[in-house]
Amino acid sequence: MVLGYLLWGGIAQASGVEGHRLRIVTSILPIYCFTINITGDLAEVENLLPPGVEPHDFQFTPREMRIVGAAQILVVNGLGLESWLSRVLDAPENRKTVVIASAGLEADLLPLAGTGSLTSTVPLARSSGFSRSARDSATENPASAWNPHFWLDPTLASRAVTNILAALQKADPTHAEAYAHNAQRYLGELAALDAELQAGLAPLKDQAIITFHDAFPYFARHYGLRVVGIVEKVPDVEPSPRHVAALAALIRREPVRVVFGERQSPSRLVDMLGRDYHVAIAQLDTLETGALTGDAYTRGMRDNLRTLEKALR
Ligand SMILES: [Zn+2]
């Protein structure tokens with residue numbers, strides 16, 4: 001049996017105590033959405049990264065230290081996205097229950113592409129997962145370099161919701177039934193979202209797109225789009241002139257009709273590609289960050305659907 005969580009510390013005080021709500025800290029926006037749709041008001045859910053702050057290369061500040069310190073449970077994406085957390089969690093005072101939302105998805109994960117590719121080259125070191133997670137080989141492959149952006153496929157997001165539900169029911173059995181009820185409702189919303197995306201994107205099947213960073217391979221696989229190039233292969237590292245020339249050649253060869261930038265990180269390079277190579281520009285949302293509301297994930301996915309329909313039709 002694959003467990004969706006690792007138990008690192010005592011959480012007995014969390015459950016069944018009148019007036020004490022479970023204190024949960026999530027790492028990034030989609031994980032926050034999945035978690036709060038399960039708990040509703042029955043637990044305190046706080047997101048570690050403030051709105052507008054992206055998870056790649058995140059730097060811990062005293063603010064996040066305090067948040068982690070007060071948490072009973074941490075719910076994370078896993079797959080190396082929160083590698084900056086492992087050092088913090090190594091401190092004895094920060095031994096927490098950590099729920100890895102992506103646990104059990106191994107068979108459906110996509111690797112980060114190799115260095116010669118026009119798609120991703122995120123270094124291995126930042127993709128190796130939590131150092132501690134090697135304890136449980138069922139949840140992480142320490143030698144792996146998986147693309148962490150699984151949440152952009154709603155069917156994989158649903159499995160993360162199920163993982164988080166199981167862990168929260170165990171940590172807070174008093175509310176197990178209510179959590180299950182809430183999760184069921186949210187899973188229904190995710191299924192409806194997926195059906196809407198399937199219907200909307202079916203006419204766009206096999207279209208070639210370039211995205212800003214390597215966030216959309218799960219989305220593209222699920223909905224039949226082809227991500228043929230990535231502008232910024234390593235997050236937050238300016239691409240080389242050689243890479244830009246290769247993208248330009250790709251735009252002509254495929255041909256690529258739209259280069260997708262990101263709503264959260266405007267790029268001069270994306271604008272330049274559009275201008276110099278006469279290709280349309282549109283903005284997709286990776287949902288890595290944004291306003292912390294329960295509907296941010298489903299709403300953001302629908303915004304992406306509308307953006308794609310408008311840009312590629
Ligand atoms: Zn990313």
# chains A, B, ... in the order shown; residues from 1 in each chain; ligands from 1
>>> residues_near_ligand(ligand="ligand 1", cutoff="9 Å", atoms="only C-alpha atoms and all ligand atoms", output="ChimeraX atom specification")
/A:54-56,81,147-149,213-216,235,286-288
>>> write_last_selection(atoms="C-alpha atoms", output="PDB file, in the first residue's frame")
ATOM      1  CA  GLU A  54       7.021  31.619  -7.014  1.00  0.00           C
ATOM      2  CA  PRO A  55       8.301  28.310  -5.668  1.00  0.00           C
ATOM      3  CA  HIS A  56      11.344  27.872  -7.915  1.00  0.00           C
ATOM      4  CA  LEU A  81       9.559  21.652  -5.983  1.00  0.00           C
ATOM      5  CA  ASN A 147       8.629  17.486 -13.647  1.00  0.00           C
ATOM      6  CA  PRO A 148       6.776  18.802 -10.558  1.00  0.00           C
ATOM      7  CA  HIS A 149       3.870  20.607 -12.307  1.00  0.00           C
ATOM      8  CA  HIS A 213       8.891  27.662 -18.447  1.00  0.00           C
ATOM      9  CA  ASP A 214       8.414  23.904 -18.395  1.00  0.00           C
ATOM     10  CA  ALA A 215       5.153  23.953 -16.453  1.00  0.00           C
ATOM     11  CA  PHE A 216       2.679  22.550 -18.983  1.00  0.00           C
ATOM     12  CA  PRO A 235      13.560  28.826 -14.030  1.00  0.00           C
ATOM     13  CA  THR A 286       0.949  28.073 -14.087  1.00  0.00           C
ATOM     14  CA  LEU A 287      -1.072  28.600 -10.872  1.00  0.00           C
ATOM     15  CA  GLU A 288       2.176  28.355  -8.923  1.00  0.00           C
TER      16      GLU A 288
END
>>> atom_distance(atom1="CA of Ala178 in chain A", atom2="CA of Thr39 in chain A")
7.9 Å
>>> closest_residue(among="A:Ile28, A:His278, A:Gly69, A:Cys33", to="Pro92 in chain A", atoms="only C-alpha atoms")
A:Gly69
>>> closest_residue(among="A:Leu109, A:Ile73, A:Leu247, A:Val161", to="Gln184 in chain A", atoms="only C-alpha atoms")
A:Val161
>>> atom_distance(atom1="CA of Tyr297 in chain A", atom2="CA of Thr211 in chain A")
19.2 Å
>>> select_by_dssp(residues="range 147-290 of chain A", states="alpha helix (DSSP H)", output="VMD selection string")
chain A and resid 154 to 171 176 to 201 217 to 223 241 to 253 268 to 277
>>> write_last_selection(atoms="C-alpha atoms", output="mmCIF file, in the first residue's frame")
data_model
loop_
_atom_site.group_PDB
_atom_site.id
_atom_site.type_symbol
_atom_site.label_atom_id
_atom_site.label_comp_id
_atom_site.auth_asym_id
_atom_site.auth_seq_id
_atom_site.Cartn_x
_atom_site.Cartn_y
_atom_site.Cartn_z
ATOM 1 C CA PRO A 154 -6.979 17.881 -13.142
ATOM 2 C CA THR A 155 -7.063 14.067 -13.072
ATOM 3 C CA LEU A 156 -3.687 14.035 -11.289
ATOM 4 C CA ALA A 157 -4.908 16.901 -9.094
ATOM 5 C CA SER A 158 -7.824 14.656 -8.063
ATOM 6 C CA ARG A 159 -5.411 11.983 -6.915
ATOM 7 C CA ALA A 160 -3.533 14.568 -4.862
ATOM 8 C CA VAL A 161 -6.841 15.542 -3.226
ATOM 9 C CA THR A 162 -7.409 11.882 -2.319
ATOM 10 C CA ASN A 163 -3.895 11.672 -0.845
ATOM 11 C CA ILE A 164 -4.418 14.796 1.238
ATOM 12 C CA LEU A 165 -7.830 13.562 2.409
ATOM 13 C CA ALA A 166 -6.396 10.266 3.668
ATOM 14 C CA ALA A 167 -3.664 12.058 5.610
ATOM 15 C CA LEU A 168 -6.019 14.610 7.172
ATOM 16 C CA GLN A 169 -8.503 11.911 8.195
ATOM 17 C CA LYS A 170 -5.699 10.124 9.988
ATOM 18 C CA ALA A 171 -4.418 13.284 11.674
ATOM 19 C CA ALA A 176 -12.859 12.412 9.045
ATOM 20 C CA GLU A 177 -16.417 12.169 7.767
ATOM 21 C CA ALA A 178 -16.776 15.878 7.096
ATOM 22 C CA TYR A 179 -13.437 15.923 5.278
ATOM 23 C CA ALA A 180 -14.579 13.008 3.102
ATOM 24 C CA HIS A 181 -17.836 14.786 2.311
ATOM 25 C CA ASN A 182 -16.026 18.003 1.333
ATOM 26 C CA ALA A 183 -13.448 16.106 -0.729
ATOM 27 C CA GLN A 184 -16.194 14.287 -2.620
ATOM 28 C CA ARG A 185 -17.796 17.589 -3.550
ATOM 29 C CA TYR A 186 -14.454 19.044 -4.686
ATOM 30 C CA LEU A 187 -13.585 15.919 -6.697
ATOM 31 C CA GLY A 188 -16.901 16.440 -8.475
ATOM 32 C CA GLU A 189 -15.854 20.013 -9.279
ATOM 33 C CA LEU A 190 -12.529 18.764 -10.644
ATOM 34 C CA ALA A 191 -14.274 16.175 -12.827
ATOM 35 C CA ALA A 192 -16.577 18.890 -14.219
ATOM 36 C CA LEU A 193 -13.547 21.115 -14.830
ATOM 37 C CA ASP A 194 -11.791 18.311 -16.704
ATOM 38 C CA ALA A 195 -14.849 17.649 -18.876
ATOM 39 C CA GLU A 196 -15.044 21.346 -19.734
ATOM 40 C CA LEU A 197 -11.351 21.475 -20.671
ATOM 41 C CA GLN A 198 -11.649 18.267 -22.734
ATOM 42 C CA ALA A 199 -14.558 19.684 -24.689
ATOM 43 C CA GLY A 200 -12.965 23.098 -25.173
ATOM 44 C CA LEU A 201 -9.521 21.852 -26.175
ATOM 45 C CA PRO A 217 3.779 19.040 -20.052
ATOM 46 C CA TYR A 218 1.109 17.264 -17.922
ATOM 47 C CA PHE A 219 -1.560 19.664 -19.143
ATOM 48 C CA ALA A 220 -0.437 19.208 -22.766
ATOM 49 C CA ARG A 221 -0.301 15.416 -22.485
ATOM 50 C CA HIS A 222 -3.778 15.224 -21.022
ATOM 51 C CA TYR A 223 -5.400 17.584 -23.527
ATOM 52 C CA PRO A 241 21.331 33.631 -27.533
ATOM 53 C CA ARG A 242 21.793 30.156 -29.017
ATOM 54 C CA HIS A 243 18.624 28.923 -27.347
ATOM 55 C CA VAL A 244 16.700 31.972 -28.544
ATOM 56 C CA ALA A 245 17.899 31.289 -32.114
ATOM 57 C CA ALA A 246 16.752 27.660 -31.786
ATOM 58 C CA LEU A 247 13.307 28.835 -30.653
ATOM 59 C CA ALA A 248 13.093 31.190 -33.596
ATOM 60 C CA ALA A 249 13.869 28.312 -35.974
ATOM 61 C CA LEU A 250 11.224 26.217 -34.232
ATOM 62 C CA ILE A 251 8.584 28.937 -34.615
ATOM 63 C CA ARG A 252 9.065 28.789 -38.393
ATOM 64 C CA ARG A 253 9.479 25.025 -38.693
ATOM 65 C CA ARG A 268 10.756 40.867 -22.360
ATOM 66 C CA LEU A 269 12.054 37.841 -24.230
ATOM 67 C CA VAL A 270 8.543 36.534 -24.943
ATOM 68 C CA ASP A 271 7.560 40.001 -26.210
ATOM 69 C CA MET A 272 10.693 40.079 -28.364
ATOM 70 C CA LEU A 273 9.938 36.641 -29.894
ATOM 71 C CA GLY A 274 6.451 37.839 -30.755
ATOM 72 C CA ARG A 275 7.666 41.066 -32.321
ATOM 73 C CA ASP A 276 10.694 39.743 -34.194
ATOM 74 C CA TYR A 277 9.207 36.485 -35.430
#
>>> atom_distance(atom1="CA of Trp151 in chain A", atom2="CA of Leu105 in chain A")
11.2 Å
>>> closest_residue(among="A:Val259, A:Asp153, A:Ala296, A:Leu312", to="Ala202 in chain A", atoms="only C-alpha atoms")
A:Leu312
>>> decode(residues="range 88-104 of chain A", atoms="N, CA and C atoms", output="short mmCIF file (atom, residue, chain, number, x, y, z; two decimals), in the first residue's frame")
data_model
loop_
_atom_site.label_atom_id
_atom_site.label_comp_id
_atom_site.auth_asym_id
_atom_site.auth_seq_id
_atom_site.Cartn_x
_atom_site.Cartn_y
_atom_site.Cartn_z
N VAL A 88 15.05 23.28 6.38
CA VAL A 88 14.28 23.80 7.51
C VAL A 88 13.72 22.64 8.33
N LEU A 89 13.23 21.62 7.64
CA LEU A 89 12.61 20.49 8.35
C LEU A 89 13.64 19.58 9.01
N ASP A 90 14.90 19.78 8.67
CA ASP A 90 15.95 18.99 9.31
C ASP A 90 16.14 19.41 10.77
N ALA A 91 15.75 20.64 11.11
CA ALA A 91 15.90 21.12 12.48
C ALA A 91 14.97 20.32 13.40
N PRO A 92 15.50 19.85 14.55
CA PRO A 92 14.69 19.00 15.44
C PRO A 92 13.38 19.66 15.87
N GLU A 93 13.40 21.01 16.05
CA GLU A 93 12.17 21.69 16.50
C GLU A 93 11.11 21.75 15.39
N ASN A 94 11.52 21.43 14.16
CA ASN A 94 10.58 21.49 13.05
C ASN A 94 10.16 20.11 12.55
N ARG A 95 10.24 19.13 13.41
CA ARG A 95 9.79 17.80 12.97
C ARG A 95 8.28 17.77 12.90
N LYS A 96 7.79 17.64 11.68
CA LYS A 96 6.35 17.75 11.44
C LYS A 96 5.86 16.55 10.66
N THR A 97 4.54 16.43 10.64
CA THR A 97 3.94 15.50 9.71
C THR A 97 3.94 16.16 8.34
N VAL A 98 4.54 15.51 7.37
CA VAL A 98 4.59 16.08 6.02
C VAL A 98 3.77 15.20 5.08
N VAL A 99 2.81 15.80 4.44
CA VAL A 99 1.96 15.10 3.48
C VAL A 99 2.45 15.46 2.08
N ILE A 100 2.83 14.46 1.31
CA ILE A 100 3.30 14.71 -0.05
C ILE A 100 2.15 14.46 -1.02
N ALA A 101 1.63 15.54 -1.59
CA ALA A 101 0.41 15.44 -2.40
C ALA A 101 0.61 14.57 -3.64
N SER A 102 1.83 14.52 -4.15
CA SER A 102 2.10 13.78 -5.40
C SER A 102 2.44 12.31 -5.15
N ALA A 103 2.35 11.87 -3.90
CA ALA A 103 2.69 10.47 -3.61
C ALA A 103 1.84 9.51 -4.42
N GLY A 104 2.46 8.46 -4.91
CA GLY A 104 1.72 7.44 -5.64
C GLY A 104 1.47 7.76 -7.11
#
